[in-house]
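One structure is given below, encoded as structure tokens.
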Amino acid sequence: MATLREVKKRIKSVKSTRRITSAMEMVAAAKLRRAQQRVEQARPYAEKMDEMLKHLAAGSQGEISHPYFEEREIKKKLLVVITSDRGLYGSYNSNIIRHATIWLDENKDFGMELVLVGKKGNDFFKRRPYPIVGYYHDWGGVLDYSKAKDIVQFLTNRFVQKDVDEITLLYTRFLSMVKYRVTFEKYLPIPRPETAVDTEETMSDYIFEPNAEQIYASLMPGYATTKLVTALAESFASEHGSRMIAMNAATKNAGEMIDNLTLDYNKARQAQITKELLEVVAGAEALKG
Amino acid sequence: MFRLSIVTPEKVFYEADIKSLVVPGTEGYLGVLSNHAPLITALKPGRIEFRDANDKVNIMAVSGGFLEVSNNIATILADAVELADEIDIERAQQAYEREKKRLVSAGSGETDIDLPSVRAALERAKNRIRVYKETH
């Protein structure tokens with residue numbers, strides 16, 4: 001059995017670890033609240049934009065002419081993998097990376113390019129044989145608009161200039177405080193909006209100022225940005241949520257460990273006292289003799 | 001009366017029944033009253049003006065976006081909006097000077113400047129200052 005002093009040292013170290021994990025849990029909870037708010041506040045905009053695009057498509061009789069819709073034969077695909085910058089997020093990053101490798105394996109017949117968001121993705125993929133054409137890091141779990149716009153700019157250029165023929169986002173969708181889902185979402189080409197779903201009779205009477213084509217031209221970049229920003233916002237919320245859960249588990253485990261160690265410590269102490277008593281008694285016996 | 005909702009990427013900025021609305025369309029300012037025909041238009045930087053249910057006139061600066069009107073619902077998707085009373089005029093002026101300088105340095109041969117985005121930023125700053133001056 002470990003000596004008293006050793007056990008005491010371990011208890012102290014586990015206690016300080018627990019302090020850290022519980023502090024991290026609280027920080028993550030605070031960040032999560034903010035991130036969650038952000039996700040929820042951004043939703044109406046994305047929804048209205050979807051709606052407007054649908055009306056636009058219906059009103060212009062499906063004559064969509066914008067490069068983002070162009071579907072062509074797929075020779076090369078691009079995958080955007082959204083991970084976190086740092087560790088201690090439980091299974092958050094490994095889930096994403098696992099799905100990414102499976103997807104890459106399934107699509108190995110196509111040319112492939114990767115765009116990585118977050119350092120963890122880069123740590124994994126820099127040693128693999130896939131060309132990384134874009135790498136965006138140091139987010140700190142906060143959505144940076146100008147950075148997001150840079151990514152959008154890069155991705156849309158890549159698609160419009162026909163360097164790649166399909167772009168997919170891989171991110172973690174935030175369903176609830178304790179539920180996250182790894183999600184693949186087709187980014188470009190944008191699926192043609194359903195025109196038949198809406199049956200309002202006013203549909204085809206829309207006035208477009210100046211005309212549908214120009215509205216498409218100004219709407220689509222915003223649409224592309226919104227989609228990516230939504231994916232990022234959902235990912236960051238999931239990131240903070242995952243950390244909160246991971247740190248909560250760690251704190252609980254540390255507590256359990258402290259209990260066990262305290263038991264060990266008490267046993268060791270008792271054993272020592274017993275041993276000392278025996279020695280005293282034995283000594284007394286010897287003197288009597 | 002018809003419903004107006006102004007939505008930005010950050011939040012729902014305004015949502016209520018109003019009496020009239022004027023927005024900066026790409027082809028010029030246009031007014032919307034109840035029972036307007038269905039319409040979709042892009043917006044350029046300018047001022048949004050609407051009269052709410054209590055006949056109070058509200059003025060705000062918008063940096064661009066879209067307007068959709070249908071079934072007595074007007075939806076404005078704005079890149080950014082600010083109430084005229086909440087415009088930070090100093091910041092707007094600083095932005096104006098900064099962008100102007102960049103435009104000048106781009107003119108004198110500096111190449112790594114994204115001209116369209118500088119022009120757009122300049123336009124936004126000018127718009128803020130204009131709306132502020134019109135209302136103060």
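In the structure tokens, each chain is lettered A, B, ... as it comes, each chain's residues begin at 1, and ligands are numbered from 1 in order of appearance.
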
Leaving out Ile48 (chain B) and any residue of its chain fewer than 2 positions from it, which residues lie within 7 Å of it when counting only C-alpha atoms, given as number ranges by chain? B: 22-24, 46, 50, 59-62

Keeping C-alpha atoms for every residue in the selection just given, could you write it to a file as a short mmCIF file (atom, residue, chain, number, x, y, z; two decimals), in the first residue's frame?
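In the end it all went to part_25.cif:
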```
data_model
loop_
_atom_site.label_atom_id
_atom_site.label_comp_id
_atom_site.auth_asym_id
_atom_site.auth_seq_id
_atom_site.Cartn_x
_atom_site.Cartn_y
_atom_site.Cartn_z
CA VAL B 22 -40.44 53.93 -47.54
CA VAL B 23 -37.29 52.01 -48.50
CA PRO B 24 -34.25 52.62 -50.72
CA GLY B 46 -30.08 54.46 -47.55
CA PHE B 50 -42.02 53.99 -41.57
CA ILE B 59 -36.12 56.57 -39.35
CA MET B 60 -33.19 54.23 -39.65
CA ALA B 61 -30.10 53.70 -41.74
CA VAL B 62 -29.86 50.46 -43.69
#
```

Please provide the set of residues having any atom within 12 Å of region 146-156 of chain A, restricted to only C-alpha atoms, with same-chain residues fewer than 4 positions apart removed, written as a VMD selection string. (chain A and resid 66 to 70 77 to 80 82 113 to 117 133 to 139 142 160 to 169 187 to 190 220 to 233) or (chain B and resid 117)

Would you give me, as a list in words, the residues in region 47-108 of chain B that DSSP reads as strand (DSSP E)? Arg47, Ile48, Glu49, Phe50, Arg51, Asp52, Val57, Asn58, Ile59, Met60, Ala61, Val62, Gly65, Phe66, Leu67, Glu68, Val69, Ser70, Ile73, Ala74, Thr75, Ile76, Leu77, Ala78, Val81, Glu82 and Leu83 of chain B

Could the residues of chain A within 10 Å of chain B, counting only C-alpha atoms, be given as number ranges by chain, please? A: 37-46, 48-49, 51-53, 55-56, 59, 200, 202-212, 214-219, 222, 226, 229-230

Do you know which residues are at most 9 Å from Ile89 (chain B) counting only C-alpha atoms, after dropping those on the same chain fewer than 6 positions away, and could you put them as a short mmCIF file (atom, residue, chain, number, x, y, z; two decimals) with C-alpha atoms, in the first residue's frame?
```cif
data_model
loop_
_atom_site.label_atom_id
_atom_site.label_comp_id
_atom_site.auth_asym_id
_atom_site.auth_seq_id
_atom_site.Cartn_x
_atom_site.Cartn_y
_atom_site.Cartn_z
CA ARG B 128 -24.86 56.67 -41.94
CA ILE B 129 -23.55 60.21 -41.83
CA TYR B 132 -27.65 61.19 -39.02
#
```

Which neighbours of Ala125 (chain B) fall inside 8 Å, counting only C-alpha atoms, when residues of the same chain fewer than 5 positions from it are skipped, and could you give them as a PyMOL selection string? chain B and resi 92-93+95-96

Neighbour list for Asp85 (chain B) as a VMD selection string, cut-off 8 Å, only C-alpha atoms, skip fewer than 2 positions in-chain: chain B and resid 83 87 132 135

I need the helix (DSSP H, G or I) residues of chain B per DSSP on the backbone, written as a count of residues only. 43

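Interatomic distance, CA of Asp85 (chain A) to CA of Ile97 (chain A): 13.4 Å.
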